[in-house]
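Let me begin by presenting the structure, written as structure tokens, before commenting on it.
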Amino acid sequence: QVQVLESGGGSVQPGGSLRLSCTVSGHSFKNYMLGWFRQAPGKERELVAVINWNGGTSSYGDSVRGRVSISRDSTESAVHLQMNRLKSEDTAVYYCTAAETSYRFYISTTIDEYTYWGQGTQVTVSS
């Protein structure tokens with residue numbers, strides 16, 4: 001059974017930084033993609049960043065590009081999200097997600113293509 005477990009998150013002042021981590025266990029995928037989406041109250045879940053398992057391909061949401069960096073540790077099926085220069089509008093529940101893929105370098109920014117989800121971790125940016 002595939003399990004997705006997030007860690008990190010919390011409260012930070014505007015301009016601060018946070019690092020989120022996620023491990024995916026219980027799988028035997030040959031190729032897969034990992035990523036983060038977020039959902040603020042009253043809004044749809046949106047892309048933050050995604051990466052393929054060997055780190056060769058990544059993509060970022062428009063609202064965070066240039067302020068966040070996604071990385072992965074393929075030996076542990078882990079993905080990390082470093083967020084800098086945080087803004088109040090970054091306040092949301094952040095969800096880690098994973099999906100098996102058919103091709104080595106494939107990633108998707110489409111939420112419907114992701115199969116496994118964590119419970120989410122709250123990030124609050126407030127002074």
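Convention: chains lettered A, B, ... in structure tokens order; per-chain residue numbering from 1; ligands numbered from 1 as shown.
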Selection: 10 Å around range 44-51 of chain A, only C-alpha atoms, excl. self and same-chain fewer than 2 positions, as a VMD selection string
chain A and resid 32 to 42 53 to 65 68 to 72 79 81 90 92 to 98 105 to 111
Can you list, as JSON, numbers by chain, all residues belonging to chain A that DSSP tags as strand (DSSP E or B)?
{"A": [3, 4, 5, 6, 7, 10, 11, 12, 18, 19, 20, 21, 22, 23, 24, 25, 32, 33, 34, 35, 36, 37, 38, 39, 46, 47, 48, 49, 50, 51, 52, 58, 59, 60, 68, 69, 70, 71, 72, 73, 78, 79, 80, 81, 82, 83, 92, 93, 94, 95, 96, 97, 98, 99, 100, 116, 117, 121, 122, 123, 124, 125]}
Near Cys22 in chain A, within 6 Å and counting only C-alpha atoms, which residues show up once chain neighbours fewer than 3 positions away are dropped, as a list in words?
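Here the answer would be Leu5, Glu6, Ala78 and Val79 of chain A.
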Would you mind telling me which residue in A:Asn52, A:Gln122, A:Thr115, A:His80 lies nearest to Tyr103 in chain A when using only C-alpha atoms?
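Selected residue with least distance to Tyr103 in chain A: A:Asn52.
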Determine the nearest neighbour of Arg104 in chain A from the options A:Lys43, A:Gly16, A:Thr121, A:Lys30, counting only C-alpha atoms.
A:Lys30
Mind listing the helix (DSSP H, G or I) residues of chain A, per DSSP on the backbone, as a PDB file with all heavy atoms, in the first residue's frame?
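result.pdb was written with the following content:
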```pdb
ATOM      1  N   SER A  88       1.792  36.328   2.374  1.00  0.00           N
ATOM      2  CA  SER A  88       0.548  35.932   3.035  1.00  0.00           C
ATOM      3  C   SER A  88      -0.308  35.067   2.120  1.00  0.00           C
ATOM      4  O   SER A  88      -1.004  34.157   2.592  1.00  0.00           O
ATOM      5  CB  SER A  88      -0.228  37.174   3.472  1.00  0.00           C
ATOM      6  OG  SER A  88      -0.517  38.007   2.365  1.00  0.00           O
ATOM      7  N   GLU A  89      -0.236  35.320   0.827  1.00  0.00           N
ATOM      8  CA  GLU A  89      -1.040  34.531  -0.110  1.00  0.00           C
ATOM      9  C   GLU A  89      -0.519  33.116  -0.304  1.00  0.00           C
ATOM     10  O   GLU A  89      -1.133  32.316  -1.009  1.00  0.00           O
ATOM     11  CB  GLU A  89      -1.152  35.236  -1.465  1.00  0.00           C
ATOM     12  CG  GLU A  89       0.157  35.709  -2.053  1.00  0.00           C
ATOM     13  CD  GLU A  89       0.427  37.181  -1.765  1.00  0.00           C
ATOM     14  OE1 GLU A  89       0.221  37.604  -0.594  1.00  0.00           O
ATOM     15  OE2 GLU A  89       0.851  37.886  -2.695  1.00  0.00           O
ATOM     16  N   ASP A  90       0.620  32.799   0.299  1.00  0.00           N
ATOM     17  CA  ASP A  90       1.111  31.417   0.270  1.00  0.00           C
ATOM     18  C   ASP A  90       0.461  30.571   1.355  1.00  0.00           C
ATOM     19  O   ASP A  90       0.673  29.355   1.415  1.00  0.00           O
ATOM     20  CB  ASP A  90       2.631  31.389   0.455  1.00  0.00           C
ATOM     21  CG  ASP A  90       3.380  32.016  -0.695  1.00  0.00           C
ATOM     22  OD1 ASP A  90       3.002  31.766  -1.859  1.00  0.00           O
ATOM     23  OD2 ASP A  90       4.350  32.764  -0.433  1.00  0.00           O
ATOM     24  N   ILE A 111      -3.506  18.081 -12.036  1.00  0.00           N
ATOM     25  CA  ILE A 111      -3.790  17.444 -10.755  1.00  0.00           C
ATOM     26  C   ILE A 111      -4.422  16.067 -10.914  1.00  0.00           C
ATOM     27  O   ILE A 111      -4.175  15.157 -10.130  1.00  0.00           O
ATOM     28  CB  ILE A 111      -4.671  18.371  -9.898  1.00  0.00           C
ATOM     29  CG1 ILE A 111      -4.737  17.888  -8.455  1.00  0.00           C
ATOM     30  CG2 ILE A 111      -6.064  18.514 -10.499  1.00  0.00           C
ATOM     31  CD1 ILE A 111      -5.386  18.889  -7.521  1.00  0.00           C
ATOM     32  N   ASP A 112      -5.213  15.891 -11.956  1.00  0.00           N
ATOM     33  CA  ASP A 112      -5.923  14.622 -12.143  1.00  0.00           C
ATOM     34  C   ASP A 112      -5.002  13.460 -12.469  1.00  0.00           C
ATOM     35  O   ASP A 112      -5.423  12.297 -12.395  1.00  0.00           O
ATOM     36  CB  ASP A 112      -6.976  14.764 -13.244  1.00  0.00           C
ATOM     37  CG  ASP A 112      -8.123  15.666 -12.827  1.00  0.00           C
ATOM     38  OD1 ASP A 112      -8.267  15.914 -11.618  1.00  0.00           O
ATOM     39  OD2 ASP A 112      -8.868  16.123 -13.712  1.00  0.00           O
ATOM     40  N   GLU A 113      -3.773  13.741 -12.834  1.00  0.00           N
ATOM     41  CA  GLU A 113      -2.845  12.666 -13.176  1.00  0.00           C
ATOM     42  C   GLU A 113      -2.112  12.116 -11.966  1.00  0.00           C
ATOM     43  O   GLU A 113      -1.321  11.187 -12.091  1.00  0.00           O
ATOM     44  CB  GLU A 113      -1.840  13.163 -14.223  1.00  0.00           C
ATOM     45  CG  GLU A 113      -2.479  13.463 -15.576  1.00  0.00           C
ATOM     46  CD  GLU A 113      -1.458  13.586 -16.685  1.00  0.00           C
ATOM     47  OE1 GLU A 113      -0.454  12.860 -16.668  1.00  0.00           O
ATOM     48  OE2 GLU A 113      -1.657  14.442 -17.579  1.00  0.00           O
TER      49      GLU A 113
END
```
Separation of CA of Val4 in chain A from CA of Ser21 in chain A, in Å and rounded to one decimal:
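Distance between the two atoms: 10.5 Å.
Taking CA of Ser28 in chain A and CA of Gly118 in chain A as endpoints, the distance between them is 17.8 Å.
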Please indicate the distance in Å from CA of Ala99 in chain A to CA of Gln119 in chain A, rounded to one decimal place.
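Atom-to-atom, CA of Ala99 in chain A to CA of Gln119 in chain A, that is 15.6 Å.
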With a distance cut-off of 6 Å and only C-alpha atoms, select the neighbouring residues of range 24-27 of chain A, excluding the residue or stretch itself and same-chain residues fewer than 3 positions from it, and output the selection as a VMD selection string.
chain A and resid 1 to 4 77
Selected residues, C-alpha atoms, written as a PDB file, in the first residue's frame, please.
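And here's out.pdb as it stands now:
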```pdb
ATOM      1  CA  GLN A   1       0.000   0.000   0.000  1.00  0.00           C
ATOM      2  CA  VAL A   2       1.453   3.303  -1.094  1.00  0.00           C
ATOM      3  CA  GLN A   3       1.755   5.874   1.669  1.00  0.00           C
ATOM      4  CA  VAL A   4       2.558   9.549   1.312  1.00  0.00           C
ATOM      5  CA  SER A  77      11.569   8.304  -2.554  1.00  0.00           C
TER       6      SER A  77
END
```
Arg85 in chain A surroundings by only C-alpha atoms, 8 Å radius, close-in-sequence under 2 positions cut, as JSON, numbers by chain:
{"A": [14, 15, 16, 17, 67, 83, 87]}
Next, dump the selected residues to file, keeping only N, CA, C and O atoms, as an mmCIF file, in the first residue's frame.
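That gives us selection.cif:
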```cif
data_model
loop_
_atom_site.group_PDB
_atom_site.id
_atom_site.type_symbol
_atom_site.label_atom_id
_atom_site.label_comp_id
_atom_site.auth_asym_id
_atom_site.auth_seq_id
_atom_site.Cartn_x
_atom_site.Cartn_y
_atom_site.Cartn_z
ATOM 1 N N PRO A 14 5.924 36.991 6.954
ATOM 2 C CA PRO A 14 6.178 37.326 5.549
ATOM 3 C C PRO A 14 7.662 37.585 5.310
ATOM 4 O O PRO A 14 8.332 38.219 6.127
ATOM 5 N N GLY A 15 8.147 37.045 4.202
ATOM 6 C CA GLY A 15 9.560 37.163 3.883
ATOM 7 C C GLY A 15 10.403 36.015 4.399
ATOM 8 O O GLY A 15 11.577 35.888 4.026
ATOM 9 N N GLY A 16 9.807 35.178 5.236
ATOM 10 C CA GLY A 16 10.533 34.059 5.804
ATOM 11 C C GLY A 16 10.593 32.859 4.882
ATOM 12 O O GLY A 16 10.142 32.910 3.733
ATOM 13 N N SER A 17 11.169 31.778 5.419
ATOM 14 C CA SER A 17 11.367 30.557 4.640
ATOM 15 C C SER A 17 10.836 29.347 5.398
ATOM 16 O O SER A 17 10.781 29.342 6.628
ATOM 17 N N ARG A 67 10.632 31.578 -6.260
ATOM 18 C CA ARG A 67 10.685 31.643 -4.794
ATOM 19 C C ARG A 67 10.758 30.268 -4.138
ATOM 20 O O ARG A 67 11.089 30.168 -2.949
ATOM 21 N N MET A 83 10.845 26.809 0.368
ATOM 22 C CA MET A 83 10.061 27.994 0.038
ATOM 23 C C MET A 83 10.695 29.219 0.690
ATOM 24 O O MET A 83 10.897 29.249 1.910
ATOM 25 N N LYS A 87 4.885 34.847 1.225
ATOM 26 C CA LYS A 87 3.901 35.914 1.259
ATOM 27 C C LYS A 87 2.634 35.411 1.955
ATOM 28 O O LYS A 87 2.419 34.206 2.069
#
```
